[in-house]
Structure formats: structure tokens, C-alpha cells
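File shown: my_file22.txt (compact mmCIF, C-alpha atoms).
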```txt
# COMPACT_ATOMS: atom_id res chain seq x y z
CA MET A 88 0.00 0.00 0.00
CA LYS A 89 1.31 3.43 -0.93
CA PRO A 90 0.64 6.63 1.03
CA LEU A 91 -2.14 8.78 -0.31
CA ALA A 92 -0.88 12.17 -1.41
CA ARG A 93 -1.49 15.19 0.80
CA THR A 94 -4.31 15.97 -1.64
CA SER A 95 -5.36 14.80 -5.05
CA ARG A 96 -3.84 16.64 -7.98
CA SER A 97 -6.27 18.76 -9.92
CA PRO A 98 -7.42 17.00 -13.06
CA ALA A 99 -6.12 18.12 -16.40
CA PRO A 100 -8.19 20.92 -17.90
CA GLY A 101 -11.07 19.45 -19.87
CA PRO A 102 -11.75 20.20 -23.54
CA LEU A 103 -13.76 23.32 -24.23
CA LEU A 104 -17.26 22.82 -25.55
CA ALA A 105 -17.13 25.04 -28.59
CA VAL A 106 -16.70 22.95 -31.74
CA LEU A 107 -14.46 25.58 -33.27
CA LEU A 108 -11.92 25.04 -30.53
CA LEU A 109 -11.43 21.45 -31.60
CA THR A 110 -9.83 22.66 -34.81
CA ALA A 111 -7.86 25.55 -33.37
CA CYS A 112 -4.06 25.39 -33.04
CA GLN A 113 -3.81 22.15 -35.00
CA SER A 114 -0.44 22.64 -36.68
CA GLY A 115 2.67 21.20 -35.11
CA PRO A 116 5.73 23.06 -33.83
CA ARG A 117 8.00 24.85 -36.24
CA ARG A 118 11.69 25.50 -36.18
CA VAL A 119 13.65 27.36 -38.80
CA ASP A 120 17.30 27.56 -39.74
CA GLU A 121 17.43 31.37 -39.74
CA ALA A 122 15.81 32.06 -36.38
CA VAL A 123 15.69 35.47 -34.76
CA ASP A 124 18.00 35.76 -31.77
CA PRO A 125 15.68 35.10 -28.78
CA ASN A 126 17.65 37.64 -26.73
CA THR A 127 15.89 40.25 -28.83
CA TYR A 128 12.79 39.57 -26.73
CA SER A 129 14.40 38.99 -23.34
CA VAL A 130 17.25 41.49 -22.97
CA CYS A 131 16.85 45.23 -22.44
CA ARG A 132 19.99 47.23 -23.19
CA ASP A 133 18.65 50.49 -21.78
CA ALA A 134 20.15 50.97 -18.31
CA GLU A 135 17.32 53.14 -16.98
CA ALA A 136 14.66 50.75 -18.29
CA THR A 137 16.52 47.76 -16.87
CA ALA A 138 16.61 49.38 -13.44
CA ALA A 139 12.88 50.14 -13.71
CA TRP A 140 12.20 46.51 -14.65
CA GLU A 141 14.08 45.25 -11.60
CA ARG A 142 12.17 47.63 -9.31
CA ALA A 143 8.89 46.55 -10.85
CA ARG A 144 9.68 42.87 -10.38
CA SER A 145 10.46 43.43 -6.70
CA ARG A 146 7.21 45.31 -6.18
CA LEU A 147 5.19 42.71 -8.05
CA ALA A 148 6.73 39.97 -5.91
CA ALA A 149 5.60 41.92 -2.84
CA GLY A 150 2.07 42.25 -4.22
CA ASP A 151 2.41 46.00 -4.85
CA ASP A 152 0.75 46.31 -8.26
CA ALA A 153 0.12 50.04 -7.96
CA GLY A 154 3.75 50.68 -7.05
CA ALA A 155 5.02 48.55 -9.93
CA LEU A 156 2.90 50.16 -12.62
CA PRO A 157 4.97 53.34 -13.25
CA ASP A 158 8.18 51.33 -13.62
CA LEU A 159 6.47 48.87 -15.95
CA LEU A 160 5.29 51.74 -18.12
CA LEU A 161 8.78 53.19 -18.23
CA CYS A 162 10.38 49.86 -19.05
CA THR A 163 7.93 48.88 -21.80
CA SER A 164 8.15 52.29 -23.45
CA ARG A 165 11.95 52.21 -23.65
CA CYS A 166 12.30 48.47 -24.38
CA PRO A 167 9.40 47.72 -26.74
CA ASP A 168 10.52 44.13 -27.43
CA LEU A 169 10.97 43.02 -23.80
CA VAL A 170 8.05 40.59 -23.84
CA ARG A 171 8.14 39.62 -20.20
CA ALA A 172 7.83 43.24 -19.07
CA HIS A 173 4.88 43.83 -21.40
CA VAL A 174 3.12 40.70 -20.13
CA ALA A 175 3.74 41.81 -16.55
CA TYR A 176 2.29 45.24 -17.33
CA GLN A 177 -0.81 43.78 -18.98
CA ASP A 178 -1.45 41.41 -16.09
CA CYS A 179 -0.78 44.12 -13.49
CA ALA A 180 -3.18 46.56 -15.14
CA ARG A 181 -5.85 43.88 -15.39
CA ARG A 182 -5.56 43.12 -11.70
CA LEU A 183 -5.86 46.82 -10.86
CA GLY A 184 -8.85 47.08 -13.17
CA GLY A 185 -10.87 50.19 -13.91
CA ASP A 186 -9.06 53.06 -15.62
CA PHE A 187 -5.72 51.23 -15.36
CA ALA A 188 -6.99 48.28 -17.38
CA GLN A 189 -8.73 50.51 -19.90
CA ALA A 190 -5.62 52.62 -20.44
CA MET A 191 -3.54 49.49 -20.94
CA ILE A 192 -5.94 48.08 -23.54
CA GLN A 193 -5.95 51.38 -25.44
CA THR A 194 -2.15 51.49 -25.34
CA TYR A 195 -1.81 48.15 -27.10
CA SER A 196 -4.78 48.61 -29.39
CA LYS A 197 -3.27 51.82 -30.78
CA ALA A 198 0.36 50.72 -30.76
CA PRO A 199 2.11 51.54 -34.06
CA GLU A 200 3.11 48.85 -36.52
CA ARG A 201 6.63 47.50 -36.12
CA PRO A 202 8.61 44.72 -37.82
CA SER A 203 8.71 42.84 -34.50
CA PRO A 204 6.02 40.24 -33.70
CA VAL A 205 5.74 41.55 -30.13
CA ARG A 206 2.93 44.03 -30.86
CA ALA A 207 0.78 41.38 -32.52
CA TYR A 208 1.52 38.92 -29.72
CA LEU A 209 0.45 41.34 -27.02
CA GLN A 210 -2.73 42.14 -28.91
CA ALA A 211 -3.43 38.41 -29.27
CA ARG A 212 -3.60 38.22 -25.49
CA PHE A 213 -6.82 40.26 -25.68
CA ALA A 214 -8.58 37.68 -27.87
CA GLU A 215 -12.04 36.91 -26.56
CA THR A 216 -11.94 33.21 -27.44
CA SER A 217 -9.29 30.54 -27.62
CA TYR A 218 -10.12 30.08 -31.28
CA ALA A 219 -9.42 33.75 -32.01
CA GLN A 220 -6.22 33.63 -30.00
CA CYS A 221 -5.00 30.59 -31.91
CA ASN A 222 -5.68 32.29 -35.22
CA ALA A 223 -3.71 35.33 -34.10
CA LEU A 224 -0.80 33.19 -32.91
CA GLU A 225 -0.80 31.21 -36.16
CA ALA A 226 -0.58 34.45 -38.12
CA ILE A 227 2.40 35.54 -36.01
CA LEU A 228 4.21 32.23 -36.50
CA ALA A 229 3.54 32.27 -40.24
CA LYS A 230 5.68 35.42 -40.40
CA ASP A 231 8.20 34.47 -37.70
CA PRO A 232 8.26 30.74 -36.89
CA SER A 233 11.07 31.30 -34.39
CA PHE A 234 9.03 33.49 -32.02
CA ALA A 235 9.06 31.26 -28.94
CA TRP A 236 6.47 33.22 -26.98
CA ALA A 237 3.83 32.44 -29.60
CA HIS A 238 4.69 28.73 -29.40
CA LEU A 239 4.35 28.91 -25.62
CA SER A 240 0.92 30.55 -25.81
CA ARG A 241 -0.28 28.07 -28.42
CA GLY A 242 0.78 25.27 -26.09
CA ARG A 243 -1.18 26.81 -23.24
CA VAL A 244 -4.34 27.22 -25.28
CA THR A 245 -4.06 23.70 -26.65
CA ARG A 246 -3.50 22.32 -23.16
CA LEU A 247 -6.68 24.04 -21.97
CA GLN A 248 -8.51 22.27 -24.77
CA GLY A 249 -7.39 18.97 -23.27
CA ARG A 250 -5.20 18.12 -26.31
CA LEU A 251 -2.07 17.27 -24.38
CA LEU A 252 0.06 15.61 -27.05
CA PRO A 253 -0.07 18.59 -29.45
CA ALA A 254 0.60 20.87 -26.50
CA LEU A 255 3.81 18.94 -25.80
CA ASP A 256 5.04 19.68 -29.31
CA MET A 257 4.25 23.36 -28.92
CA PHE A 258 6.09 23.65 -25.62
CA ALA A 259 9.01 21.81 -27.22
CA ALA A 260 9.03 24.33 -30.08
CA ALA A 261 9.17 27.17 -27.56
CA ILE A 262 12.16 25.54 -25.84
CA VAL A 263 13.96 24.92 -29.14
CA ASN A 264 13.56 28.51 -30.28
CA ASP A 265 14.36 30.06 -26.90
CA PRO A 266 16.06 27.79 -24.34
CA GLN A 267 15.75 30.61 -21.78
CA LEU A 268 11.95 30.56 -21.92
CA HIS A 269 11.87 28.37 -18.85
CA GLU A 270 8.08 28.54 -18.45
CA ALA A 271 7.79 26.27 -21.47
CA ARG A 272 9.93 23.58 -19.83
CA LEU A 273 7.87 23.73 -16.64
CA GLU A 274 4.59 23.45 -18.49
CA ARG A 275 5.91 20.59 -20.58
CA ALA A 276 6.85 18.82 -17.35
CA GLN A 277 3.31 19.33 -16.04
CA VAL A 278 1.76 17.93 -19.22
CA LEU A 279 4.09 14.94 -19.21
CA GLU A 280 2.98 14.21 -15.66
CA GLU A 281 -0.68 14.51 -16.67
CA LEU A 282 0.03 11.98 -19.42
CA GLY A 283 1.61 9.56 -16.94
CA ARG A 284 5.08 9.94 -18.46
CA TYR A 285 6.61 10.45 -15.07
CA GLN A 286 10.28 9.80 -15.80
CA GLU A 287 10.27 12.34 -18.63
CA ALA A 288 8.41 14.82 -16.46
CA ALA A 289 11.04 14.47 -13.74
CA VAL A 290 13.80 15.37 -16.20
CA ASP A 291 12.04 18.58 -17.20
CA TYR A 292 11.24 19.50 -13.61
CA GLN A 293 14.87 18.98 -12.64
CA ARG A 294 16.14 21.12 -15.51
CA TYR A 295 13.62 23.85 -14.75
CA LEU A 296 14.43 23.94 -11.04
CA THR A 297 18.14 24.08 -11.79
CA VAL A 298 17.60 27.56 -13.22
CA ARG A 299 14.58 28.53 -11.10
CA PRO A 300 15.37 26.99 -7.69
CA ASP A 301 13.22 29.55 -5.85
CA ASP A 302 9.99 28.53 -7.60
CA THR A 303 8.42 26.90 -4.56
CA ALA A 304 5.22 25.96 -6.41
CA ALA A 305 7.18 23.99 -9.00
CA ALA A 306 9.34 22.43 -6.27
CA ARG A 307 6.18 21.23 -4.50
CA GLU A 308 4.99 19.64 -7.74
CA TYR A 309 8.35 17.96 -8.22
CA ILE A 310 8.31 16.58 -4.67
CA GLY A 311 4.86 15.15 -5.30
CA LEU A 312 6.05 13.52 -8.52
CA LEU A 313 9.15 12.02 -6.90
CA LEU A 314 7.33 10.83 -3.82
CA TYR A 315 3.92 9.63 -4.98
CA ARG A 316 4.58 8.66 -8.60
CA LEU A 317 8.20 7.57 -8.86
CA SER A 318 8.98 6.42 -5.28
CA ARG A 319 12.32 8.25 -5.45
CA VAL A 320 12.21 8.95 -1.74
CA ASP A 321 15.81 10.04 -1.22
CA GLU A 322 15.54 12.71 -3.93
CA ALA A 323 12.20 13.89 -2.56
CA ILE A 324 13.71 14.25 0.91
CA VAL A 325 16.50 16.48 -0.44
CA TRP A 326 13.88 18.85 -1.85
CA LEU A 327 11.78 18.60 1.30
CA ASP A 328 14.78 19.62 3.39
CA ARG A 329 15.35 22.60 1.11
CA LEU A 330 11.75 23.79 1.06
CA GLU A 331 11.19 23.29 4.78
CA GLN A 332 14.00 25.76 5.43
CA GLN A 333 12.17 28.33 3.30
CA LEU A 334 8.68 27.47 4.55
CA PRO A 335 8.99 26.18 8.13
CA GLY A 336 5.83 24.57 9.47
CA ASP A 337 4.13 24.37 6.06
CA SER A 338 1.37 21.77 6.40
CA THR A 339 1.66 20.44 2.84
CA LEU A 340 5.37 19.82 3.23
CA ARG A 341 4.71 18.12 6.57
CA MET A 342 2.23 15.81 4.85
CA ASP A 343 4.92 15.02 2.30
CA ARG A 344 7.45 14.39 5.07
CA ALA A 345 5.06 11.91 6.68
CA ALA A 346 4.59 10.18 3.33
CA ALA A 347 8.36 10.00 2.86
CA LEU A 348 8.68 8.29 6.25
CA TRP A 349 6.01 5.83 5.14
CA ARG A 350 7.86 5.14 1.88
CA ALA A 351 11.09 4.73 3.84
CA LYS A 352 9.38 1.94 5.82
CA ARG A 353 9.29 3.90 9.05
CA PRO A 354 5.58 3.58 9.86
CA ARG A 355 5.80 4.55 13.52
CA GLU A 356 7.43 7.88 12.62
CA ALA A 357 4.97 8.38 9.78
CA VAL A 358 2.03 7.91 12.16
CA GLY A 359 3.59 10.41 14.54
CA ALA A 360 3.99 12.97 11.76
CA TYR A 361 0.40 12.56 10.56
CA LEU A 362 -0.86 12.65 14.13
CA ALA A 363 0.92 15.95 14.82
CA LEU A 364 -0.90 17.44 11.84
CA LEU A 365 -4.21 16.00 13.00
CA ARG A 366 -3.83 17.49 16.47
CA GLU A 367 -3.45 20.93 14.89
CA ARG A 368 -6.29 20.45 12.42
CA PRO A 369 -8.71 17.67 13.40
CA GLN A 370 -10.57 17.98 10.07
CA ASN A 371 -7.49 16.92 8.07
CA ALA A 372 -9.10 13.99 6.27
CA ARG A 373 -6.00 12.77 4.44
CA ALA A 374 -3.91 12.62 7.62
CA ALA A 375 -6.59 10.64 9.48
CA LEU A 376 -7.10 8.30 6.53
CA ASN A 377 -3.37 7.69 6.12
CA ILE A 378 -2.99 6.87 9.81
CA GLY A 379 -5.75 4.32 9.41
CA LEU A 380 -4.14 2.80 6.35
CA LEU A 381 -0.77 2.53 8.08
CA TYR A 382 -2.34 0.60 10.95
CA TYR A 383 -4.59 -1.43 8.68
CA GLU A 384 -2.30 -2.50 5.85
CA VAL A 385 1.31 -1.54 6.55
CA ALA A 386 2.13 -2.26 10.20
CA PRO A 387 0.46 -5.68 10.72
CA GLN A 388 2.06 -8.68 9.05
CA ASN A 389 -0.13 -11.44 10.46
CA ASP A 390 -3.31 -12.03 12.49
CA ASN A 391 -1.51 -11.67 15.80
CA GLU A 392 -0.23 -8.24 14.81
CA ARG A 393 -3.67 -7.30 13.51
CA GLN A 394 -4.96 -7.84 17.03
CA MET A 395 -2.58 -5.09 18.11
CA TYR A 396 -2.78 -2.63 15.18
CA TRP A 397 -6.35 -2.96 13.96
CA PRO A 398 -7.88 -1.30 17.06
CA LYS A 399 -5.75 1.69 16.15
CA ALA A 400 -6.85 1.43 12.53
CA ARG A 401 -10.48 1.38 13.66
CA ALA A 402 -9.93 4.47 15.82
CA ALA A 403 -8.33 6.33 12.90
CA PHE A 404 -11.05 5.32 10.46
CA ARG A 405 -13.75 6.34 12.92
CA TRP A 406 -12.02 9.67 13.37
CA PHE A 407 -11.99 10.04 9.59
CA LEU A 408 -15.75 9.43 9.45
CA GLU A 409 -16.64 11.50 12.50
CA GLN A 410 -14.27 14.47 12.42
CA ALA A 411 -12.63 14.84 9.04
CA LYS A 412 -14.08 16.72 6.10
CA PRO A 413 -13.40 15.18 2.66
CA ALA A 414 -11.70 17.60 0.30
CA ASP A 415 -11.91 15.68 -2.97
CA GLY A 416 -13.54 12.78 -4.76
CA HIS A 417 -11.09 10.18 -3.48
CA GLU A 418 -11.73 11.07 0.13
CA GLN A 419 -15.46 11.03 -0.52
CA PHE A 420 -15.13 7.55 -2.05
CA GLU A 421 -13.25 6.40 1.03
CA ARG A 422 -15.97 7.85 3.25
CA THR A 423 -18.72 6.12 1.27
CA LEU A 424 -17.17 2.73 0.46
CA GLY A 425 -13.52 2.17 1.30
CA VAL A 426 -13.45 2.93 5.02
CA PRO A 427 -16.82 1.27 5.85
CA PHE A 428 -15.60 -1.90 4.12
CA ARG A 429 -12.39 -1.94 6.18
CA LEU A 430 -14.33 -1.31 9.37
CA GLU A 431 -16.48 -4.36 8.61
CA ARG A 432 -13.36 -6.49 8.21
CA ILE A 433 -11.98 -5.16 11.48
CA ALA A 434 -15.24 -5.96 13.24
CA GLU A 435 -15.09 -9.53 11.93
CA LEU A 436 -11.72 -9.98 13.64
CA LEU A 437 -12.12 -7.85 16.77
CA GLY A 438 -15.85 -7.76 17.31
CA PRO A 439 -18.03 -4.65 17.35
CA ALA A 440 -16.57 -1.32 18.35
CA ALA A 441 -17.30 0.11 21.78
CA PRO A 442 -19.84 2.93 21.74
CA GLY A 443 -18.75 6.52 22.16
CA SER A 444 -16.63 9.01 20.30
CA THR A 445 -13.01 8.47 19.35
CA GLY A 446 -10.27 10.32 21.22
CA ILE A 447 -7.21 11.43 19.32
CA ASP A 448 -4.90 9.71 21.80
CA GLU A 449 -6.36 6.39 20.65
CA LEU A 450 -4.53 6.94 17.33
CA ALA A 451 -1.06 6.97 18.92
CA TRP A 452 1.33 4.12 18.18
CA PRO A 453 0.60 1.18 20.47
CA VAL A 454 2.81 0.51 23.44
CA GLN A 455 4.20 -2.98 22.97
CA GLY A 456 4.68 -5.15 26.00
```

Go ahead and render the structure in this file as C-alpha cells.
Amino acid sequence: MKPLARTSRSPAPGPLLAVLLLTACQSGPRRVDEAVDPNTYSVCRDAEATAAWERARSRLAAGDDAGALPDLLLCTSRCPDLVRAHVAYQDCARRLGGDFAQAMIQTYSKAPERPSPVRAYLQARFAETSYAQCNALEAILAKDPSFAWAHLSRGRVTRLQGRLLPALDMFAAAIVNDPQLHEARLERAQVLEELGRYQEAAVDYQRYLTVRPDDTAAAREYIGLLLYRLSRVDEAIVWLDRLEQQLPGDSTLRMDRAAALWRAKRPREAVGAYLALLRERPQNARAALNIGLLYYEVAPQNDNERQMYWPKARAAFRWFLEQAKPADGHEQFERTLGVPFRLERIAELLGPAAPGSTGIDELAWPVQG
């Protein structure tokens, strides 16, 4: 039996209902021999604009959209091909809304024609439908097949349509045409994981995190892949150690630590780790369920040991039914079918449970005589 993840991964985005979307973004990735230098779109050689971009990034990281906006305007005006700054400005203005968003839309709607594909790309981000956005991106790539940002956006739209294999090709095209567009590698890793191609996904996650080690969200995903999909416990623990230093006391990482102890065949310590979480949040359904599973399937090796561990399993399962609140479909299935079935088996061996509510101390590892 393997530990259940701290929570179920969100399902892959489903296909959109509009029939037109099924034909959008159909062509495969392109690469050309005479590609435009990708640094054209990622390097600003204006010192004042570069300083403004750095200030804006710091303010955005701190959640200060209003403070970042003037620097973003300065940077985008002096470095018109710096795609990442333009995207940050568009997103910032949208979050601020109102006059800020309206002014931003007018800025890009009235932007003058230039040989660069950046203007058309930024306007494509305003498309009202995925179909319209794909058409705009296709038009950009017809003129400049090496523009990696358009490949990246096509991959995102195609992924949202649920067409994961074509999306892989599009993310790959983005990487080929701009190896520094690291978002494409991360999203390809995510799609590979959704497809069940876990070893390949791990390679992309590792490469991405080598250059973006401070992306804690991606590091969490990588830990989940290593721990729950690939059983590469030692590697997962290295990343857990790193993230726990940055995020001490984080409950998700503590769930992962407990699962790593389980995978390392240290069930007593795993129970203790889950129990510590449950004491802090009694409604933690996955912690209660995993304690029950450890006592039910992992710790006992024979009927004699079941006599010792199954009372603890029953206490944990009863806690799960009485106190915990299911957070996803798997936990709801366990509440409806899985746990009641196990409780019936326990009752066959131990007899009926004593009446009354379950105390959390009943879940502690048994004292062996």
C-alpha cells in the first residue's frame, strides 16, 4: 500500500465545448534555420529601463501592483521588445482594473506597426476566445516561426482544450527557439505528468528547477512527482529539506514528510507525523485516513499483529468518518465505500466497536509489552 498524497492533484483541464476550438491550433511546432535571436525579446539594453524593470519585479513579488505600474510603463516604453515586461504590465493593469486596465488596452490597441512580432503577440492576449487567439498566434508564426512566446501561448491554449500531445510539441518548439523561456519547460513537465510519463516529467522539472530553484510551487509539484509517482524517496527528501528551510511549518510539506517516512518503511514515525498534523487540524481527512491505512495494511504482518494494530486502525477510520471533512472525490469515495468496508473487516476480527466518540490519543502508536 502506498501513502495517499497530501491531496489529489487537480485533473487536467477538460476540452472546451465550442466545436471551433477542436480545430484551433492544429499545426505542429515549427523550427527554422534562420531564427531570430531570442535575446531580442528577453534582454533590455537600456540601463534606466533595466533598473525600472528590476524595481517593478520586486514590487510585483511583494504584491504591490500600484507601485510597480509606473516602472512597468517606463520599461515597456523604452524596451518595446521586452516581452516579459509587457506581459507583466498587462497582467498588473488587469488586476488593478478600472481606468488602469482601460488605459492598458488602449495602449496596445493603438500601438504603431513595427517589424517585430511583439505588438501582434500582445494584442493576441486580448482575444475573446481561444479560437481567435490561436488564429492570431498562427498568423504571427507564419511570419516568424522562431518566435518562442507564440509557441508557448499556443501550447497553453491547446492544453486548456485537453489536447495534451499537441501541447507537448508546442512547448518543445518554444524551448527549441528560446532555451531561456523556462516557463515552457515547466509546463511541458506538467503535461508529461498529466500523461503519466513520469520519468520524462522528472527530467524537465529537474532542468527547470536548476535555473529557477526559488519557484516553490514547482518544487512542490516535483516533490509530489518524486514521492507519490516515482517512489524516489531520497531525492524527494532532499527537496523537502530545502523547502522546509524556506517554509517552516508548512502543512503540505509536513504531509509530504510523513509520506516520505512511510515510503522509507518507518511507519511509527509516519504515524507520529500525521498525528501531529491531525492534532493541529482535526478535520485533516487525508492525515486521518493515512494513519488508518498505516495501521490497517502496513504495520500488521499477520493475524496476531492485527490484534494489536487494527484497534488503532479502527480508531483512525472512525475519526476520519466522525471528524474529518473530505476535500476531494477520493476522500469522498473512502468515506462512502472504502473505510466502511475496512471497518467491517476489522469488526469480523475484533468484534463490534465500543460505543462513544473516538479520542485522538487512541490513534497513537501502540505501546508494545

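Relative to CA of Val170 in chain A, CA of Ile227 in chain A is found at 14.3 Å.
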
Polymer residues at most 9 Å from range 306-309 of chain A, all atoms listed in the file, same-chain spacing of 6 or more positions, as number ranges by chain: A: 277, 288-289, 292-293, 296, 300, 323, 326-327, 330, 339-340

Contacts of Ala374 in chain A within 8 Å, all atoms listed in the file, excl. fewer than 6 positions in-chain, as a ChimeraX atom specification: /A:93,342,361-362,364-365

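Atom to atom, CA of Leu91 in chain A and CA of Ala347 in chain A stand 11.0 Å apart.
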
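Using all atoms listed in the file, the smallest distance between any of A:Leu282, A:Ala441, A:Leu252, A:Ala400 and Pro387 in chain A comes from A:Ala400.
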
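Each of A:Tyr195, A:Tyr295, A:Trp349, A:Phe234 was checked against Val123 in chain A using all atoms listed in the file; the smallest atom-to-atom distance is that of A:Phe234.
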
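If you measure from each of A:Ala271, A:Ala138, A:Ala175, A:Val325 to Met191 in chain A using only C-alpha atoms, the closest one turns out to be A:Ala175.
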
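Closest approach to Pro266 in chain A from the set A:Glu435, A:Glu280, A:Asp124, A:Asp343 is made by A:Asp124, with distances taken over only C-alpha atoms.
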
Spatial neighbours of Leu156 in chain A, 8 Å, all atoms listed in the file, chain gap at least 4 places, as an NGL selection string: :A and (143 or 152 or 160 or 176 or 179-180)

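Atom pair CA of Leu376 in chain A / CA of Ala304 in chain A has a distance of 25.1 Å (rounded to one decimal).
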
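Distance annotation: of A:Arg393, A:Arg182, A:Arg405, A:Arg422, the residue with the minimal separation from Pro453 in chain A is A:Arg393; atom set is only C-alpha atoms.
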
Using all atoms listed in the file, which residues sit within 9 Å of Phe258 in chain A once same-chain residues fewer than 2 positions away are excluded, as a PDB file with C-alpha atoms, keeping the file's coordinate frame?
```
ATOM      1  CA  PRO A 116       5.730  23.060 -33.830  1.00  0.00           C
ATOM      2  CA  ALA A 235       9.060  31.260 -28.940  1.00  0.00           C
ATOM      3  CA  HIS A 238       4.690  28.730 -29.400  1.00  0.00           C
ATOM      4  CA  LEU A 239       4.350  28.910 -25.620  1.00  0.00           C
ATOM      5  CA  SER A 240       0.920  30.550 -25.810  1.00  0.00           C
ATOM      6  CA  ARG A 241      -0.280  28.070 -28.420  1.00  0.00           C
ATOM      7  CA  GLY A 242       0.780  25.270 -26.090  1.00  0.00           C
ATOM      8  CA  ARG A 243      -1.180  26.810 -23.240  1.00  0.00           C
ATOM      9  CA  PRO A 253      -0.070  18.590 -29.450  1.00  0.00           C
ATOM     10  CA  ALA A 254       0.600  20.870 -26.500  1.00  0.00           C
ATOM     11  CA  LEU A 255       3.810  18.940 -25.800  1.00  0.00           C
ATOM     12  CA  ASP A 256       5.040  19.680 -29.310  1.00  0.00           C
ATOM     13  CA  ALA A 260       9.030  24.330 -30.080  1.00  0.00           C
ATOM     14  CA  ALA A 261       9.170  27.170 -27.560  1.00  0.00           C
ATOM     15  CA  ILE A 262      12.160  25.540 -25.840  1.00  0.00           C
ATOM     16  CA  VAL A 263      13.960  24.920 -29.140  1.00  0.00           C
ATOM     17  CA  GLU A 270       8.080  28.540 -18.450  1.00  0.00           C
ATOM     18  CA  ALA A 271       7.790  26.270 -21.470  1.00  0.00           C
ATOM     19  CA  ARG A 272       9.930  23.580 -19.830  1.00  0.00           C
ATOM     20  CA  GLU A 274       4.590  23.450 -18.490  1.00  0.00           C
ATOM     21  CA  ARG A 275       5.910  20.590 -20.580  1.00  0.00           C
TER      22      ARG A 275
END
```

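Every protein or nucleic acid residue with an atom no more than 10 Å from Asp133 in chain A, counting all atoms listed in the file and leaving out same-chain residues fewer than 6 positions away, appears here: Ala139, Cys162, Arg165 and Cys166 of chain A.
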
Kindly write C-alpha atoms of range 356-392 of chain A from the structure just given to a file, as a short mmCIF file (atom, residue, chain, number, x, y, z; two decimals), in the first residue's frame.
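The resulting file, part.cif, is shown below:
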```cif
data_model
loop_
_atom_site.label_atom_id
_atom_site.label_comp_id
_atom_site.auth_asym_id
_atom_site.auth_seq_id
_atom_site.Cartn_x
_atom_site.Cartn_y
_atom_site.Cartn_z
CA GLU A 356 7.43 7.88 12.62
CA ALA A 357 4.97 8.38 9.78
CA VAL A 358 2.03 7.91 12.16
CA GLY A 359 3.59 10.41 14.54
CA ALA A 360 3.99 12.97 11.76
CA TYR A 361 0.40 12.56 10.56
CA LEU A 362 -0.86 12.65 14.13
CA ALA A 363 0.92 15.95 14.82
CA LEU A 364 -0.90 17.44 11.84
CA LEU A 365 -4.21 16.00 13.00
CA ARG A 366 -3.83 17.49 16.47
CA GLU A 367 -3.45 20.93 14.89
CA ARG A 368 -6.29 20.45 12.42
CA PRO A 369 -8.71 17.67 13.40
CA GLN A 370 -10.57 17.98 10.07
CA ASN A 371 -7.49 16.92 8.07
CA ALA A 372 -9.10 13.99 6.27
CA ARG A 373 -6.00 12.77 4.44
CA ALA A 374 -3.91 12.62 7.62
CA ALA A 375 -6.59 10.64 9.48
CA LEU A 376 -7.10 8.30 6.53
CA ASN A 377 -3.37 7.69 6.12
CA ILE A 378 -2.99 6.87 9.81
CA GLY A 379 -5.75 4.32 9.41
CA LEU A 380 -4.14 2.80 6.35
CA LEU A 381 -0.77 2.53 8.08
CA TYR A 382 -2.34 0.60 10.95
CA TYR A 383 -4.59 -1.43 8.68
CA GLU A 384 -2.30 -2.50 5.85
CA VAL A 385 1.31 -1.54 6.55
CA ALA A 386 2.13 -2.26 10.20
CA PRO A 387 0.46 -5.68 10.72
CA GLN A 388 2.06 -8.68 9.05
CA ASN A 389 -0.13 -11.44 10.46
CA ASP A 390 -3.31 -12.03 12.49
CA ASN A 391 -1.51 -11.67 15.80
CA GLU A 392 -0.23 -8.24 14.81
#
```
